[in-house]
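For reference, target_16.csv is printed below; it contains CSV, C-alpha atoms.
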chain,number,residue,atom,x,y,z
A,163,MET,CA,8.1,218.8,6.4
A,164,LYS,CA,7.0,219.5,2.8
A,165,ASN,CA,9.8,221.8,2.0
A,166,ARG,CA,12.3,219.5,3.7
A,167,VAL,CA,11.2,216.5,1.7
A,168,ARG,CA,11.5,218.4,-1.6
A,169,ALA,CA,14.9,219.7,-0.7
A,170,ALA,CA,16.1,216.3,0.5
A,171,TRP,CA,15.2,214.7,-2.8
A,172,GLU,CA,16.7,217.7,-4.8
A,173,GLY,CA,19.8,217.8,-2.7
A,174,ARG,CA,20.5,214.0,-2.9
A,175,ILE,CA,20.0,213.9,-6.7
A,176,SER,CA,22.0,217.1,-7.3
A,177,GLY,CA,24.9,216.0,-5.1
A,178,CYS,CA,24.9,212.6,-6.9
A,179,LEU,CA,25.1,214.3,-10.3
A,180,LEU,CA,27.9,216.5,-9.1
A,181,GLY,CA,30.1,213.6,-8.0
A,182,LYS,CA,29.2,211.1,-10.7
A,183,PRO,CA,31.6,212.4,-13.5
A,184,VAL,CA,34.7,212.2,-11.3
A,185,GLU,CA,33.8,209.0,-9.3
A,186,ILE,CA,36.0,206.6,-11.2
A,187,LEU,CA,38.8,209.1,-11.6
A,188,SER,CA,38.8,209.7,-7.8
A,189,MET,CA,38.7,206.0,-6.9
A,190,GLN,CA,41.4,204.9,-9.3
A,191,GLU,CA,43.8,207.9,-9.4
A,192,GLY,CA,43.2,209.6,-6.0
A,193,ARG,CA,42.6,213.1,-4.8
A,194,ALA,CA,45.6,214.8,-6.4
A,195,SER,CA,44.5,213.7,-9.9
A,196,LEU,CA,40.9,214.7,-9.0
A,197,GLU,CA,42.0,218.2,-8.1
A,198,LYS,CA,44.2,218.4,-11.2
A,199,TYR,CA,41.2,217.5,-13.4
A,200,LEU,CA,38.9,220.0,-11.7
A,201,LYS,CA,41.4,222.8,-12.2
A,202,LYS,CA,41.9,221.8,-15.9
A,203,ALA,CA,38.1,221.8,-16.3
A,204,ASP,CA,37.8,225.3,-14.7
A,205,SER,CA,35.8,223.7,-11.9
A,206,PHE,CA,38.0,224.4,-8.8
A,207,PRO,CA,37.0,225.2,-6.2
A,208,LEU,CA,33.9,223.0,-7.0
A,209,ARG,CA,30.8,225.1,-6.5
A,210,ASP,CA,28.7,224.0,-9.5
A,211,TYR,CA,28.4,221.0,-11.8
A,212,VAL,CA,31.7,219.9,-13.3
A,213,TYR,CA,32.7,221.1,-16.7
A,214,HIS,CA,33.7,218.3,-19.1
A,215,VAL,CA,37.1,217.9,-20.5
A,216,ASP,CA,38.3,214.7,-22.2
A,217,HIS,CA,39.6,212.1,-19.8
A,218,PRO,CA,39.7,208.3,-20.3
A,219,LEU,CA,38.0,207.7,-17.0
A,220,ILE,CA,35.1,210.0,-17.7
A,221,ARG,CA,32.8,208.5,-20.2
A,222,GLY,CA,29.2,207.5,-21.0
A,223,ALA,CA,26.5,208.7,-18.6
A,224,SER,CA,29.1,210.5,-16.5
A,225,ILE,CA,29.6,213.0,-19.4
A,226,ASN,CA,25.9,213.6,-19.3
A,227,CYS,CA,26.2,214.7,-15.7
A,228,CYS,CA,28.6,217.6,-16.6
A,229,LYS,CA,27.7,221.2,-16.7
A,230,GLY,CA,25.9,222.2,-19.9
A,231,LYS,CA,25.1,218.5,-20.8
A,232,ILE,CA,22.6,217.6,-18.1
A,233,VAL,CA,19.0,217.0,-19.4
A,234,GLN,CA,17.9,214.5,-16.7
A,235,ALA,CA,19.1,212.8,-13.5
A,236,GLU,CA,21.1,209.9,-15.1
A,237,GLN,CA,20.9,206.4,-13.7
A,238,ASP,CA,22.9,205.9,-10.6
A,239,ASP,CA,22.7,203.4,-7.7
A,240,ASP,CA,22.6,206.2,-5.1
A,241,ILE,CA,19.2,207.3,-6.5
A,242,THR,CA,18.0,203.8,-7.6
A,243,TYR,CA,18.1,202.5,-4.1
A,244,THR,CA,16.4,205.6,-2.7
A,245,VAL,CA,13.5,205.0,-5.0
A,246,LEU,CA,13.5,201.3,-4.2
A,247,ALA,CA,13.3,202.0,-0.5
A,248,LEU,CA,10.3,204.2,-1.2
A,249,MET,CA,8.7,201.4,-3.1
A,250,MET,CA,9.3,198.9,-0.3
A,251,LEU,CA,7.8,201.2,2.3
A,252,GLU,CA,4.7,201.6,0.1
A,253,GLU,CA,4.4,197.9,-0.2
A,254,HIS,CA,5.3,196.7,3.3
A,255,GLY,CA,4.9,199.7,5.5
A,256,ILE,CA,7.4,200.1,8.4
A,257,ASN,CA,7.7,196.4,9.0
A,258,ILE,CA,10.2,195.8,6.2
A,259,ASP,CA,12.5,192.9,7.0
A,260,THR,CA,15.6,191.6,5.3
A,261,ASP,CA,13.7,189.0,3.3
A,262,ASP,CA,11.5,191.8,1.8
A,263,VAL,CA,14.7,193.6,0.7
A,264,ALA,CA,16.0,190.4,-0.9
A,265,ARG,CA,12.8,189.6,-2.8
A,266,THR,CA,12.5,193.2,-4.0
A,267,TRP,CA,16.0,193.1,-5.4
A,268,ILE,CA,15.4,189.8,-7.3
A,269,ASN,CA,12.0,191.0,-8.6
A,270,LYS,CA,12.8,194.6,-9.4
A,271,LEU,CA,16.5,195.3,-9.6
A,272,PRO,CA,18.6,194.1,-12.5
A,273,GLY,CA,21.7,192.2,-11.4
A,274,GLY,CA,23.8,194.5,-13.7
A,275,ALA,CA,22.7,197.5,-11.6
A,276,THR,CA,24.4,196.1,-8.5
A,277,PHE,CA,28.0,196.4,-7.5
A,278,THR,CA,30.5,195.1,-5.0
A,279,ALA,CA,28.7,193.8,-1.9
A,280,GLU,CA,25.3,194.1,-3.5
A,281,ARG,CA,26.3,192.1,-6.5
A,282,GLU,CA,27.8,189.4,-4.3
A,283,ALA,CA,24.7,189.2,-2.2
A,284,TYR,CA,22.5,189.2,-5.3
A,285,ILE,CA,24.4,186.2,-6.7
A,286,SER,CA,24.3,184.4,-3.4
A,287,ILE,CA,20.5,184.8,-3.2
A,288,LEU,CA,20.0,183.5,-6.8
A,289,LYS,CA,22.3,180.5,-6.1
A,290,ASN,CA,20.6,179.5,-2.9
A,291,MET,CA,16.9,180.3,-3.2
A,292,ASN,CA,14.2,178.1,-4.6
A,293,PHE,CA,11.7,179.5,-7.1
A,294,SER,CA,9.0,180.2,-4.6
A,295,TYR,CA,11.1,182.4,-2.4
A,296,GLN,CA,11.0,185.4,-4.6
A,297,PHE,CA,7.2,185.4,-4.5
A,298,GLY,CA,7.0,185.1,-0.7
A,299,GLY,CA,7.8,181.5,-0.2
A,300,GLU,CA,9.8,180.1,2.7
A,301,ARG,CA,13.5,181.0,2.8
A,302,LYS,CA,15.6,177.8,3.0
A,303,PHE,CA,19.0,179.4,3.2
A,304,GLU,CA,20.8,181.5,5.9
A,305,LEU,CA,20.8,185.2,5.4
A,306,GLU,CA,24.2,185.4,7.2
A,307,ALA,CA,25.7,183.5,4.3
A,308,VAL,CA,24.4,186.2,1.8
A,309,SER,CA,26.4,188.9,3.5
A,310,ASP,CA,29.6,186.8,3.7
A,311,ASN,CA,31.6,188.7,1.0
A,312,GLU,CA,34.8,190.6,0.8
A,313,PHE,CA,33.0,194.0,0.3
A,314,ASN,CA,30.7,193.8,3.3
A,315,ASP,CA,32.3,196.7,5.1
A,316,TRP,CA,32.2,199.0,2.1
A,317,ILE,CA,29.8,201.9,1.4
A,318,GLY,CA,27.0,200.2,-0.5
A,319,ALA,CA,24.5,199.9,2.4
A,320,GLN,CA,25.2,203.5,3.5
A,321,ILE,CA,23.7,204.8,0.2
A,322,ARG,CA,20.5,202.8,0.4
A,323,ILE,CA,18.8,204.0,3.5
A,324,ASP,CA,18.1,207.8,3.5
A,325,MET,CA,14.5,207.2,2.8
A,326,TYR,CA,13.9,205.4,6.1
A,327,GLY,CA,14.9,208.6,8.0
A,328,TRP,CA,13.0,210.9,5.7
A,329,VAL,CA,9.6,209.2,6.3
A,330,LEU,CA,10.1,208.8,10.0
A,331,PRO,CA,10.8,212.3,11.4
A,332,GLY,CA,11.2,212.1,15.1
A,333,ASN,CA,11.5,208.3,15.2
A,334,PRO,CA,15.2,207.5,14.8
A,335,THR,CA,14.8,204.2,16.6
A,336,LYS,CA,12.6,202.8,13.8
A,337,ALA,CA,14.6,204.5,11.1
A,338,ALA,CA,17.8,202.9,12.3
A,339,GLU,CA,16.0,199.5,12.6
A,340,LEU,CA,14.9,199.7,9.0
A,341,ALA,CA,18.3,200.7,7.9
A,342,ARG,CA,19.8,197.7,9.6
A,343,ASN,CA,17.2,195.3,8.1
A,344,ASP,CA,18.2,196.6,4.7
A,345,ALA,CA,21.9,196.8,5.2
A,346,MET,CA,22.3,193.3,6.7
A,347,LEU,CA,21.4,191.7,3.4
A,348,SER,CA,24.8,192.5,2.0
A,349,HIS,CA,26.9,194.1,4.7
A,350,ARG,CA,28.1,193.5,8.3
A,351,GLY,CA,29.6,195.3,11.3
A,352,CYS,CA,30.6,198.9,10.8
A,353,ALA,CA,28.9,199.2,7.4
A,354,VAL,CA,25.6,198.3,9.0
A,355,GLU,CA,26.1,200.8,11.8
A,356,CYS,CA,27.1,203.6,9.4
A,357,SER,CA,23.8,202.9,7.6
A,358,ALA,CA,21.8,203.1,10.8
A,359,PHE,CA,23.5,206.3,11.7
A,360,ILE,CA,22.6,208.1,8.5
A,361,ALA,CA,19.0,206.9,8.7
A,362,ALA,CA,18.8,208.0,12.4
A,363,LEU,CA,20.4,211.4,11.5
A,364,ALA,CA,17.8,212.0,8.8
A,365,ALA,CA,15.1,211.2,11.3
A,366,VAL,CA,16.3,213.6,14.0
A,367,ILE,CA,17.3,216.5,11.8
A,368,PRO,CA,13.8,218.0,11.5
A,369,ASN,CA,13.4,218.2,15.3
A,370,SER,CA,17.0,219.3,16.1
A,371,GLU,CA,18.0,222.9,17.0
A,372,THR,CA,21.5,222.5,15.4
A,373,ARG,CA,23.2,220.1,13.1
A,374,MET,CA,25.7,219.2,15.7
A,375,SER,CA,23.0,218.3,18.1
A,376,ALA,CA,21.4,216.1,15.4
A,377,VAL,CA,24.7,214.3,14.8
A,378,LYS,CA,25.3,213.7,18.5
A,379,THR,CA,21.7,212.5,19.0
A,380,ALA,CA,21.9,210.1,16.0
A,381,MET,CA,25.0,208.5,17.5
A,382,LYS,CA,22.9,207.3,20.4
A,383,TYR,CA,21.2,204.9,18.0
A,384,ILE,CA,24.2,202.9,16.9
A,385,ASP,CA,26.7,200.6,18.7
A,386,ASN,CA,29.1,202.9,20.6
A,387,GLN,CA,31.8,200.2,20.2
A,388,SER,CA,31.6,200.3,16.5
A,389,ASP,CA,34.3,201.9,14.3
A,390,ALA,CA,31.4,203.9,12.9
A,391,CYS,CA,31.4,206.0,16.0
A,392,GLU,CA,35.1,206.7,15.7
A,393,ALA,CA,34.6,207.8,12.0
A,394,ILE,CA,31.8,210.2,13.1
A,395,GLU,CA,34.1,211.6,15.8
A,396,VAL,CA,36.9,212.0,13.3
A,397,GLY,CA,34.5,214.0,11.1
A,398,ILE,CA,33.4,216.2,14.1
A,399,SER,CA,37.0,216.8,15.2
A,400,ASN,CA,37.9,218.3,11.8
A,401,VAL,CA,34.9,220.6,11.4
A,402,GLY,CA,36.1,223.9,10.0
A,403,LYS,CA,39.4,222.5,8.9
A,404,SER,CA,40.6,221.0,5.7
A,405,PRO,CA,39.9,217.3,5.2
A,406,ASP,CA,43.6,216.5,5.2
A,407,GLU,CA,43.7,214.8,8.6
A,408,ILE,CA,40.7,212.6,7.7
A,409,ILE,CA,42.4,211.6,4.4
A,410,LYS,CA,45.7,210.9,6.3
A,411,LYS,CA,43.9,208.7,8.9
A,412,TYR,CA,42.2,206.6,6.3
A,413,GLU,CA,44.8,206.7,3.5
A,414,ALA,CA,45.3,202.9,3.5
A,415,MET,CA,41.6,202.2,3.3
A,416,SER,CA,39.6,201.4,0.1
A,417,PRO,CA,38.2,204.5,-1.4
A,418,ILE,CA,34.8,202.7,-1.3
A,419,HIS,CA,34.9,201.8,2.4
A,420,SER,CA,32.0,202.9,4.7
A,421,LEU,CA,34.2,204.5,7.4
A,422,ASN,CA,36.4,207.0,5.5
A,423,ASN,CA,33.4,208.2,3.5
A,424,LEU,CA,31.2,208.6,6.6
A,425,ALA,CA,33.9,210.8,8.2
A,426,ILE,CA,33.8,213.0,5.1
A,427,VAL,CA,30.0,213.2,5.1
A,428,VAL,CA,29.9,214.3,8.7
A,429,TRP,CA,32.8,216.8,8.2
A,430,SER,CA,31.2,218.4,5.2
A,431,PHE,CA,27.6,218.4,6.6
A,432,LEU,CA,28.8,220.2,9.8
A,433,SER,CA,31.5,222.4,8.2
A,434,PHE,CA,29.5,224.2,5.5
A,435,GLN,CA,26.2,225.0,7.0
A,436,ASP,CA,25.5,228.2,5.1
A,437,SER,CA,26.2,227.1,1.6
A,438,PHE,CA,24.9,224.0,-0.3
A,439,ASP,CA,27.5,224.8,-3.0
A,440,GLU,CA,30.3,224.4,-0.5
A,441,ALA,CA,28.8,221.5,1.3
A,442,VAL,CA,28.5,219.2,-1.7
A,443,GLY,CA,31.4,220.8,-3.5
A,444,GLU,CA,33.9,220.1,-0.7
A,445,ALA,CA,32.4,216.6,-0.1
A,446,VAL,CA,33.1,215.7,-3.7
A,447,SER,CA,36.5,217.5,-3.8
A,448,ALA,CA,37.7,215.5,-0.8
A,449,GLY,CA,37.8,212.4,-3.1
A,450,TRP,CA,37.0,208.8,-2.4
A,451,ASP,CA,33.4,207.9,-3.3
A,452,THR,CA,32.4,211.2,-4.8
A,453,ASP,CA,28.9,210.6,-6.0
A,454,CYS,CA,27.9,208.7,-2.9
A,455,ASN,CA,29.2,211.5,-0.6
A,456,GLY,CA,27.8,214.2,-2.7
A,457,ALA,CA,24.4,212.5,-2.6
A,458,THR,CA,24.4,211.9,1.1
A,459,VAL,CA,25.6,215.3,2.1
A,460,GLY,CA,23.2,216.9,-0.4
A,461,GLY,CA,20.2,215.0,1.0
A,462,LEU,CA,21.1,215.8,4.6
A,463,TYR,CA,21.7,219.5,3.8
A,464,GLY,CA,18.3,219.8,2.0
A,465,LEU,CA,16.6,218.1,4.9
A,466,ALA,CA,18.2,220.5,7.3
A,467,GLU,CA,17.6,223.7,5.4
A,468,GLY,CA,14.4,223.1,3.4
A,469,SER,CA,15.8,224.4,0.2
A,470,ILE,CA,18.7,224.3,-2.2
A,471,PRO,CA,19.7,226.8,-4.9
A,472,GLU,CA,17.7,226.5,-8.1
A,473,LYS,CA,20.9,226.3,-10.3
A,474,TRP,CA,21.3,222.7,-9.1
A,475,THR,CA,17.8,221.5,-10.0
A,476,LYS,CA,17.1,223.6,-13.1
A,477,PRO,CA,19.3,221.5,-15.5
A,478,TRP,CA,17.6,218.1,-14.8
A,479,LYS,CA,14.1,219.5,-14.8
A,480,GLY,CA,12.6,217.1,-12.3
A,481,LYS,CA,13.3,214.1,-14.7
A,482,ILE,CA,14.9,211.1,-13.0
A,483,SER,CA,16.1,207.8,-14.5
A,484,THR,CA,16.7,204.7,-12.4
A,485,ALA,CA,17.7,201.1,-13.1
A,486,ILE,CA,14.6,199.7,-11.5
A,487,SER,CA,12.9,197.3,-14.0
A,488,GLY,CA,9.9,198.7,-15.9
A,489,LEU,CA,9.8,202.2,-14.3
A,490,GLY,CA,11.1,204.4,-17.1
A,491,GLU,CA,11.5,208.1,-16.4
A,492,LEU,CA,10.3,209.3,-13.0
A,493,ASN,CA,9.0,212.7,-12.0
A,494,LEU,CA,10.4,214.5,-9.0
A,495,ASP,CA,7.0,215.9,-7.9
A,496,ASP,CA,5.5,212.5,-7.9
A,497,LEU,CA,8.3,211.1,-5.8
A,498,ILE,CA,7.9,214.0,-3.3
A,499,TYR,CA,4.1,213.4,-3.1
A,500,ARG,CA,4.6,209.7,-2.5
A,501,THR,CA,7.2,210.4,0.2
A,502,GLU,CA,4.9,212.9,2.0
A,503,LYS,CA,2.0,210.5,1.8
A,504,LEU,CA,4.1,207.9,3.7
A,505,ILE,CA,5.1,210.5,6.3
A,506,ASP,CA,1.4,211.3,6.9
A,507,LYS,CA,0.6,207.6,7.0
A,508,PHE,CA,3.3,206.6,9.5
A,509,THR,CA,2.7,209.6,11.7
A,510,SER,CA,-1.0,208.8,11.9
A,511,GLU,CA,-0.2,205.1,12.7
A,512,SER,CA,2.2,206.2,15.4
A,513,SER,CA,-0.3,208.5,17.0
A,514,LYS,CA,-2.9,205.7,17.2
A,515,ALA,CA,-0.4,203.2,18.6

Please rewrite the model in this file as structure tokens.
Amino acid sequence: MKNRVRAAWEGRISGCLLGKPVEILSMQEGRASLEKYLKKADSFPLRDYVYHVDHPLIRGASINCCKGKIVQAEQDDDITYTVLALMMLEEHGINIDTDDVARTWINKLPGGATFTAEREAYISILKNMNFSYQFGGERKFELEAVSDNEFNDWIGAQIRIDMYGWVLPGNPTKAAELARNDAMLSHRGCAVECSAFIAALAAVIPNSETRMSAVKTAMKYIDNQSDACEAIEVGISNVGKSPDEIIKKYEAMSPIHSLNNLAIVVWSFLSFQDSFDEAVGEAVSAGWDTDCNGATVGGLYGLAEGSIPEKWTKPWKGKISTAISGLGELNLDDLIYRTEKLIDKFTSESSKA
């Protein structure tokens, strides 16, 4: 698992950095504008970090994620939540519940680092909790009210939960359970099931003979009546093809929805099995939530293959920035060590049970 864990971290971070510069452009102007920009930047087809050319929707930290400008993994919620999940597992073990997630957010995650459903949930917790709750006191509000927001079927929960699968290889049941406990704080329905699927998939990949068998197995751990299952099947049915049919099916949906982006993740993960460059490049080029999909595909690819090309990791030199309060710059080798330590711990606990 050691090589898999390293490559999962490297793949997730690199895929996130690849998609981050064009995220807002993709969401606001669509795939055609995204492709036009990539061609103008001499980055099409996308097989390496995006070159920067001036554009009003590409600014700030996003410019620092462009080829030739990268010196660290810049702050991004796709990585912040992965580190936060690691910290929660270290503190609570594999019995994390939704209250643990809520308290962790309030104590360690700045409100300004949350978006859409997460921000609505964060505000709701602050409004309804008493002062003792954040330190372990009794909850005197309903969790169901926290996830009652207009964004609760969007992608936010889907990007928070890879770690639960990473640390539980061969235990997709528990990985999916933890993903649901996390996702339910801010999301409902299909978004929760999308999250459970990604966590279960990460848990089954190390013991699966093929990627397709891993995907099919992971589907057994989510509600087969959920729209998440249909999104996975849409991804599967388009393997080896262009993403045009996926984009057509979900063209009326928000670019930040859980379902359309899950279909792209499944399609890319299964379609480009011999090339990390193509897998993350095509996931991002397909549009919608580019950094989220690049991160998820990158992490899954690394987990499956046990390595990614050095050209992706060399620019950021193992240096990682997150929005978590008080952490400062993190070191990749330390995060890998801590992840491996949890795998050993949970595997040992499972063998004694």

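Neighbouring residues of range 211-224 of chain A at 9 Å or closer, counting all atoms listed in the file and skipping chain neighbours under 6 positions away, are A:Ser176, A:Leu179, A:Leu180, A:Gly181, A:Lys182, A:Pro183, A:Val184, A:Glu185, A:Ile186, A:Leu187, A:Gln190, A:Tyr199, A:Leu200, A:Lys202, A:Ala203, A:Asp204, A:Ser205, A:Gly230, A:Lys231, A:Glu236, A:Gln237, A:Gly443, A:Trp474.
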
Range 285-292 of chain A: which residues within 12 Å, counting all atoms listed in the file, same-chain residues fewer than 3 positions away excluded, as a VMD selection string?
chain A and resid 260 to 261 263 to 269 272 to 274 276 to 282 295 to 311 347 to 348

Given all atoms listed in the file as the counted atoms, nearest of A:Ala361, A:Cys178, A:Cys391, A:Val459 to Leu421 in chain A
A:Cys391

What lies within 9 Å of Asp262 in chain A using all atoms listed in the file, ignoring chain neighbours under 6 positions off, as a ChimeraX atom specification?
/A:250,254,298,344

Proximity to Leu424 in chain A - best of A:Glu355, A:Tyr499, A:Val442, A:Thr244, all atoms listed in the file
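Result for the nearest residue to Leu424 in chain A: A:Glu355.
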
Skipping near chain neighbours, those fewer than 3 positions away, what residues fall within 10 Å of range 427-439 of chain A using all atoms listed in the file, listed as a PyMOL selection string?
chain A and resi 173+177+208-211+360+372-374+377+393-405+408+421-424+442-446+448+454-464+466-467+469-471+473-474

Which one is closest to Leu271 in chain A: A:Gly488, A:Ala341, A:Phe508, A:Gly327? Count only C-alpha atoms.
A:Gly488

Quick one: distance from CA of Arg174 in chain A to CA of Ala338 in chain A in Å, one decimal?
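Going from CA of Arg174 in chain A over to CA of Ala338 in chain A covers 19.0 Å.
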
Of the candidates A:Val233, A:Ala170, A:Val354, A:Met163, which shows the shortest atom-to-atom distance to Pro477 in chain A, using all atoms listed in the file?
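With all atoms listed in the file as the atom set, the closest residue is A:Val233.
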
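For the residues A:Gln320, A:Thr484, A:Thr335, A:Thr452, ranking by smallest atom-to-atom distance to Ala275 in chain A using only C-alpha atoms places A:Thr484 first.
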